[in-house]
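Listing of final_8.cif; format and content: mmCIF, C-alpha atoms.
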```cif
data_start
loop_
_atom_site.label_atom_id
_atom_site.label_comp_id
_atom_site.auth_asym_id
_atom_site.auth_seq_id
_atom_site.Cartn_x
_atom_site.Cartn_y
_atom_site.Cartn_z
CA MET A 856 -6.58 -17.68 -12.95
CA ASN A 857 -8.45 -14.41 -13.36
CA GLU A 858 -7.45 -12.04 -16.14
CA ILE A 859 -6.37 -8.74 -14.60
CA LYS A 860 -5.55 -5.61 -16.58
CA GLU A 861 -3.20 -2.92 -15.27
CA ASN A 862 -4.53 0.59 -15.86
CA ILE A 863 -2.34 3.68 -15.67
CA ILE A 864 -3.38 7.28 -15.03
CA GLU A 865 -0.73 9.96 -15.04
CA ASN A 866 -0.57 13.72 -15.22
CA LYS A 867 1.66 16.75 -14.70
CA LEU A 868 0.11 19.70 -12.91
CA ILE A 869 1.36 23.15 -13.91
CA TYR A 870 1.39 26.46 -12.07
CA ASP A 871 2.99 29.67 -13.33
CA ASN A 872 4.09 27.78 -16.48
CA THR A 873 6.04 25.36 -14.28
CA ILE A 874 5.46 21.70 -13.43
CA ILE A 875 5.00 21.58 -9.67
CA LEU A 876 3.34 18.17 -9.19
CA THR A 877 3.30 14.87 -11.06
CA TYR A 878 1.36 11.72 -10.39
CA ARG A 879 1.28 8.19 -11.79
CA ILE A 880 -1.38 5.76 -10.63
CA LYS A 881 -1.38 2.07 -11.53
CA TYR A 882 -4.45 0.11 -10.53
CA PRO A 883 -5.94 -3.31 -11.34
CA GLN A 884 -9.12 -4.16 -13.19
CA ILE A 885 -10.50 -7.68 -13.53
CA VAL A 886 -11.52 -8.17 -17.14
CA SER A 887 -12.29 -11.88 -17.10
CA THR A 888 -13.44 -14.24 -14.35
CA LYS A 889 -16.28 -16.63 -13.63
CA TYR A 890 -17.20 -14.62 -10.51
CA LYS A 891 -19.17 -11.68 -11.92
CA LEU A 892 -20.32 -10.17 -8.62
CA GLY A 893 -16.81 -10.42 -7.17
CA LYS A 894 -15.40 -8.86 -10.33
CA ASP A 895 -17.81 -5.90 -10.21
CA ILE A 896 -17.18 -5.18 -6.53
CA PHE A 897 -13.41 -5.54 -6.92
CA ASN A 898 -13.37 -3.12 -9.86
CA ARG A 899 -15.60 -0.56 -8.13
CA TYR A 900 -13.47 -0.76 -4.99
CA ASN A 901 -10.26 -0.05 -6.88
CA LYS A 902 -11.83 2.64 -9.04
CA LYS A 903 -12.87 4.43 -5.84
CA ILE A 904 -9.28 4.31 -4.57
CA VAL A 905 -8.12 6.00 -7.78
CA GLN A 906 -10.86 8.64 -7.70
CA ASP A 907 -10.12 9.54 -4.07
CA LEU A 908 -6.38 9.76 -4.74
CA LYS A 909 -6.91 11.99 -7.78
CA VAL A 910 -9.18 14.33 -5.81
CA TYR A 911 -6.60 14.57 -3.02
CA THR A 912 -3.67 15.05 -5.42
CA GLU A 913 -5.32 17.61 -7.69
CA GLY A 914 -6.90 19.44 -4.78
CA GLU A 915 -5.22 19.55 -1.38
CA LEU A 916 -1.77 18.43 -2.49
CA TYR A 917 -1.75 20.75 -5.51
CA SER A 918 -2.60 23.68 -3.22
CA GLN A 919 0.33 22.76 -0.97
CA ALA A 920 2.63 22.53 -3.99
CA LYS A 921 1.60 26.04 -5.10
CA GLU A 922 2.34 27.45 -1.65
CA ILE A 923 5.78 25.84 -1.58
CA TYR A 924 6.45 27.06 -5.12
CA GLU A 925 5.61 30.66 -4.19
CA TYR A 926 7.72 30.46 -1.04
CA ASN A 927 10.73 29.02 -2.88
CA LYS A 928 10.40 31.54 -5.71
CA LYS A 929 10.25 34.44 -3.26
CA HIS A 930 13.38 33.27 -1.41
CA GLY A 931 15.35 32.19 -4.46
CA TYR A 932 15.16 28.47 -3.76
CA PRO A 933 14.93 25.83 -6.52
CA VAL A 934 11.54 24.53 -7.65
CA MET A 935 10.30 21.60 -5.58
CA VAL A 936 8.26 19.15 -7.65
CA PHE A 937 5.76 17.15 -5.61
CA GLU A 938 5.26 13.54 -6.65
CA VAL A 939 2.62 10.87 -6.10
CA ILE A 940 3.06 7.27 -7.28
CA LEU A 941 0.68 4.37 -6.68
CA GLU A 942 2.04 0.95 -7.60
CA THR A 943 0.03 -2.27 -7.48
CA LYS A 944 1.55 -5.74 -7.09
CA ILE A 945 -0.63 -8.83 -7.58
CA THR A 946 0.84 -11.45 -5.24
CA TYR A 947 -1.72 -14.25 -5.63
CA ASN A 948 -4.28 -14.96 -8.36
CA GLU A 949 -5.74 -18.45 -8.32
CA ASP A 950 -9.41 -19.33 -8.94
CA LYS A 951 -11.52 -17.29 -6.49
CA ILE A 952 -8.64 -15.78 -4.47
CA ILE A 953 -6.84 -12.56 -5.42
CA SER A 954 -4.30 -10.93 -3.14
CA LEU A 955 -2.38 -7.73 -3.79
CA TYR A 956 -0.64 -4.82 -2.17
CA GLN A 957 -0.47 -1.18 -3.19
CA ASP A 958 2.40 1.14 -2.31
CA GLN A 959 1.49 4.82 -2.30
CA TYR A 960 4.57 7.03 -2.43
CA VAL A 961 4.27 10.76 -1.77
CA PHE A 962 7.11 13.27 -2.01
CA THR A 963 6.53 16.80 -0.72
CA GLY A 964 10.12 17.81 -0.05
CA GLY A 965 12.83 16.85 2.38
CA ALA A 966 15.40 14.08 2.14
CA HIS A 967 12.88 11.52 0.88
CA GLY A 968 9.22 10.80 0.46
CA SER A 969 7.05 8.40 2.42
CA THR A 970 5.41 5.15 1.36
CA ILE A 971 2.20 3.69 2.74
CA ARG A 972 1.35 0.09 1.89
CA LYS A 973 -2.22 -1.20 1.82
CA THR A 974 -3.48 -4.64 0.85
CA GLN A 975 -6.50 -6.38 -0.56
CA ASN A 976 -7.26 -10.08 -0.08
CA TRP A 977 -10.36 -11.04 -2.03
CA ASN A 978 -12.60 -14.07 -2.16
CA LEU A 979 -14.35 -13.42 -5.47
CA TYR A 980 -16.92 -16.13 -4.82
CA THR A 981 -18.26 -14.34 -1.73
CA ALA A 982 -17.34 -10.91 -3.18
CA ARG A 983 -15.72 -10.02 0.14
CA GLN A 984 -12.26 -9.46 1.47
CA ILE A 985 -10.78 -12.19 3.65
CA GLN A 986 -10.13 -11.53 7.33
CA LEU A 987 -6.82 -12.92 8.55
CA TYR A 988 -8.39 -15.11 11.25
CA ARG A 989 -10.30 -17.08 8.60
CA LEU A 990 -7.02 -18.47 7.30
CA TYR A 991 -6.26 -20.17 10.63
CA SER A 992 -7.95 -22.97 12.56
CA ASN A 993 -5.80 -22.35 15.64
CA PRO A 994 -7.58 -19.88 17.99
CA TYR A 995 -4.18 -18.72 19.24
CA PHE A 996 -2.91 -17.91 15.76
CA LEU A 997 -1.97 -14.33 16.70
CA LEU A 998 0.49 -15.53 19.33
CA ASP A 999 2.01 -17.90 16.80
CA ILE A 1000 2.37 -15.11 14.22
CA LEU A 1001 3.99 -12.72 16.71
CA ARG A 1002 6.41 -15.43 17.84
CA LYS A 1003 7.48 -16.16 14.25
CA ILE A 1004 7.97 -12.46 13.50
CA ASN A 1005 10.13 -11.90 16.57
CA LEU A 1006 12.23 -14.97 15.76
CA GLN A 1007 12.92 -13.63 12.28
CA ILE A 1008 13.85 -10.20 13.63
CA ALA A 1009 16.19 -11.77 16.17
CA ASN A 1010 18.35 -13.03 13.29
CA GLU A 1011 18.94 -9.48 12.03
CA LYS A 1012 18.50 -7.22 15.05
CA GLU A 1013 20.77 -4.54 13.59
CA ASN A 1014 18.02 -3.57 11.11
CA TYR A 1015 15.38 -2.92 13.78
CA PHE A 1016 14.80 -0.72 16.81
CA ASP A 1017 16.14 -2.13 20.09
CA ASN A 1018 12.65 -2.46 21.61
CA TYR A 1019 11.30 -4.35 18.58
CA CYS A 1020 9.38 -6.91 20.69
CA GLU A 1021 7.31 -4.16 22.28
CA LEU A 1022 6.85 -2.34 18.97
CA VAL A 1023 5.75 -5.48 17.11
CA LEU A 1024 3.02 -6.01 19.70
CA GLU A 1025 1.94 -2.35 19.63
CA THR A 1026 1.87 -1.85 15.86
CA PHE A 1027 0.75 -5.27 14.59
CA ASN A 1028 -2.29 -4.85 12.36
CA PRO A 1029 -4.21 -7.97 11.20
CA ASN A 1030 -5.27 -6.11 8.06
CA GLN A 1031 -1.65 -5.69 6.98
CA TYR A 1032 -1.09 -8.97 5.21
CA TYR A 1033 -1.08 -10.43 1.74
CA ILE A 1034 -0.94 -13.93 0.29
CA THR A 1035 1.69 -15.51 -1.94
CA LYS A 1036 2.19 -19.11 -3.04
CA LYS A 1037 4.70 -19.47 -0.21
CA GLY A 1038 2.24 -18.39 2.48
CA ILE A 1039 0.99 -15.39 4.42
CA ASN A 1040 3.12 -12.25 4.53
CA ILE A 1041 2.72 -9.84 7.44
CA PHE A 1042 4.13 -6.35 7.04
CA PHE A 1043 4.64 -3.24 9.16
CA GLY A 1044 4.67 0.41 8.17
CA GLN A 1045 7.75 2.56 7.81
CA TYR A 1046 9.14 3.54 11.22
CA ASP A 1047 6.81 1.11 13.07
CA ILE A 1048 9.54 -1.30 14.16
CA ALA A 1049 12.59 -0.19 12.17
CA PRO A 1050 14.31 2.92 10.76
CA TYR A 1051 13.55 4.26 7.28
CA SER A 1052 16.60 2.50 5.82
CA THR A 1053 15.02 -0.90 6.54
CA GLY A 1054 12.08 -0.09 4.27
CA ILE A 1055 8.76 -1.85 4.81
CA PRO A 1056 9.45 -4.93 6.96
CA VAL A 1057 7.77 -8.10 5.63
CA PHE A 1058 7.61 -11.47 7.40
CA LEU A 1059 6.57 -14.77 5.85
CA VAL A 1060 4.61 -16.60 8.53
#
```

Would you give me this structure, written as structure tokens?
Amino acid sequence: MNEIKENIIENKLIYDNTIILTYRIKYPQIVSTKYKLGKDIFNRYNKKIVQDLKVYTEGELYSQAKEIYEYNKKHGYPVMVFEVILETKITYNEDKIISLYQDQYVFTGGAHGSTIRKTQNWNLYTARQIQLYRLYSNPYFLLDILRKINLQIANEKENYFDNYCELVLETFNPNQYYITKKGINIFFGQYDIAPYSTGIPVFLV
């Protein structure tokens, strides 16, 4: 098992002596492994994610928060505090394989924020991420995956849109998977195949 450290960066951005935006970013860093090249590339990759998110949050999103603050202040509305949270979950960490997903939550007003999930599936020996097709010997693996997903949805149709079969086919993304000890987990984005209340649909295939 590789030793992975969780780093946290957080800040509160102030405008007009008022907190208008907060962010909290958790990201992984490999501190010990026998795969040095894989470790270095993994750490640089995740550091870049953090740097890009900070630039976006402290730049574009902060500007939006200031505009909303001025508008609300002018019209007597309460202060709206924007929020950004990045959470990282390591789902598999054995020898040369590391799998994880990151949920990026952004709140800019309204009834609720939105969450975007992204994954990383690393082979530290090759210092590359693993494409889904490399985990299957069956050339028709996609058909098998789609069939298993639709069978699982059929057991709880009330949580999904009526035309889920069509939507699963349209929105399936082979990059949206992560590995656990139980197997391969395929997920879909919010609103792809189900309403917001269902959350992020995940299927063990």

Quick one: apply the PyMOL selection byres ((chain A and resi 975) around 6) to the file and drop the selected residues here as a ChimeraX atom specification. /A:954-955,974,976

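All residues of protein, DNA or RNA that reach within 12 Å of Lys921 of chain A, judged by only C-alpha atoms and not counting those fewer than 4 positions away in the chain, are Leu868, Ile869, Tyr870, Asp871, Asn872, Thr873, Ile874, Ile875, Leu876, Glu913, Gly914, Glu915, Leu916, Tyr917, Glu925, Tyr926, Asn927, Lys928, Val934, Met935, Val936, Phe937 and Thr963 of chain A.
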
With C-alpha atoms kept, could you save the residues just selected as a PDB file, in the frame of the given file?
```pdb
ATOM      1  CA  LEU A 868       0.110  19.700 -12.910  1.00  0.00           C
ATOM      2  CA  ILE A 869       1.360  23.150 -13.910  1.00  0.00           C
ATOM      3  CA  TYR A 870       1.390  26.460 -12.070  1.00  0.00           C
ATOM      4  CA  ASP A 871       2.990  29.670 -13.330  1.00  0.00           C
ATOM      5  CA  ASN A 872       4.090  27.780 -16.480  1.00  0.00           C
ATOM      6  CA  THR A 873       6.040  25.360 -14.280  1.00  0.00           C
ATOM      7  CA  ILE A 874       5.460  21.700 -13.430  1.00  0.00           C
ATOM      8  CA  ILE A 875       5.000  21.580  -9.670  1.00  0.00           C
ATOM      9  CA  LEU A 876       3.340  18.170  -9.190  1.00  0.00           C
ATOM     10  CA  GLU A 913      -5.320  17.610  -7.690  1.00  0.00           C
ATOM     11  CA  GLY A 914      -6.900  19.440  -4.780  1.00  0.00           C
ATOM     12  CA  GLU A 915      -5.220  19.550  -1.380  1.00  0.00           C
ATOM     13  CA  LEU A 916      -1.770  18.430  -2.490  1.00  0.00           C
ATOM     14  CA  TYR A 917      -1.750  20.750  -5.510  1.00  0.00           C
ATOM     15  CA  GLU A 925       5.610  30.660  -4.190  1.00  0.00           C
ATOM     16  CA  TYR A 926       7.720  30.460  -1.040  1.00  0.00           C
ATOM     17  CA  ASN A 927      10.730  29.020  -2.880  1.00  0.00           C
ATOM     18  CA  LYS A 928      10.400  31.540  -5.710  1.00  0.00           C
ATOM     19  CA  VAL A 934      11.540  24.530  -7.650  1.00  0.00           C
ATOM     20  CA  MET A 935      10.300  21.600  -5.580  1.00  0.00           C
ATOM     21  CA  VAL A 936       8.260  19.150  -7.650  1.00  0.00           C
ATOM     22  CA  PHE A 937       5.760  17.150  -5.610  1.00  0.00           C
ATOM     23  CA  THR A 963       6.530  16.800  -0.720  1.00  0.00           C
TER      24      THR A 963
END
```

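Close contacts of Ser969 of chain A, defined as residues with an atom at most 10 Å away when counting only C-alpha atoms, with chain neighbours fewer than 3 positions off set aside, comprise Val939, Asp958, Gln959, Tyr960, Val961, Phe962, Thr963, Gln1045 and Tyr1051 of chain A.
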
Care to translate the PyMOL selection byres ((chain A and resi 949) around 12) into actual residues of this file, as a list in words?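 Selected by the PyMOL selection byres ((chain A and resi 949) around 12) in this file: Met856, Asn857, Glu858, Ile859, Thr888, Lys889, Ile945, Thr946, Tyr947, Asn948, Asp950, Lys951, Ile952, Ile953, Ser954, Asn976, Trp977, Asn978, Leu979, Tyr980, Ile1034, Thr1035 and Lys1036 of chain A.
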
Could you expand the PyMOL selection byres ((chain A and resi 863) around 6) into the explicit residues it covers here, written as a PyMOL selection string? chain A and resi 862+864+880-881

Can I get the selected residues back with C-alpha atoms, as a compact mmCIF listing (two decimals), in the coordinates of the input?
```txt
# COMPACT_ATOMS: atom_id res chain seq x y z
CA ASN A 862 -4.53 0.59 -15.86
CA ILE A 864 -3.38 7.28 -15.03
CA ILE A 880 -1.38 5.76 -10.63
CA LYS A 881 -1.38 2.07 -11.53
```

Interatomic distance (Å, one decimal) between atom CA of Gln957 of chain A and atom CA of Gln1031 of chain A: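 Between atom CA of Gln957 of chain A and atom CA of Gln1031 of chain A the gap works out to 11.2 Å.
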
What is the distance between atom CA of Ala1009 of chain A and atom CA of Ile1055 of chain A, in Å to one decimal?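 Between atom CA of Ala1009 of chain A and atom CA of Ile1055 of chain A the gap works out to 16.8 Å.
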
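Using only C-alpha atoms, the nearest neighbour of Lys1003 of chain A within the list A:Phe1058, A:Phe1042, A:Tyr991, A:Tyr1015 is A:Phe1058.
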
From the set A:Pro1029, A:Gly931, A:Gly893, A:Pro1056, which residue has the shortest atom-to-atom contact distance to Phe1043 of chain A, counting all atoms listed in the file? A:Pro1056

Hey, could you pull the box centre and edge lengths for segment 1029-1040 of chain A, axis-aligned, 6 Å padding per side, all listed atoms, to one decimal in Å, as AutoDock Vina command-line options?
```
--center_x -0.3 --center_y -12.6 --center_z 4.1 --size_x 22.0 --size_y 25.8 --size_z 26.2
```
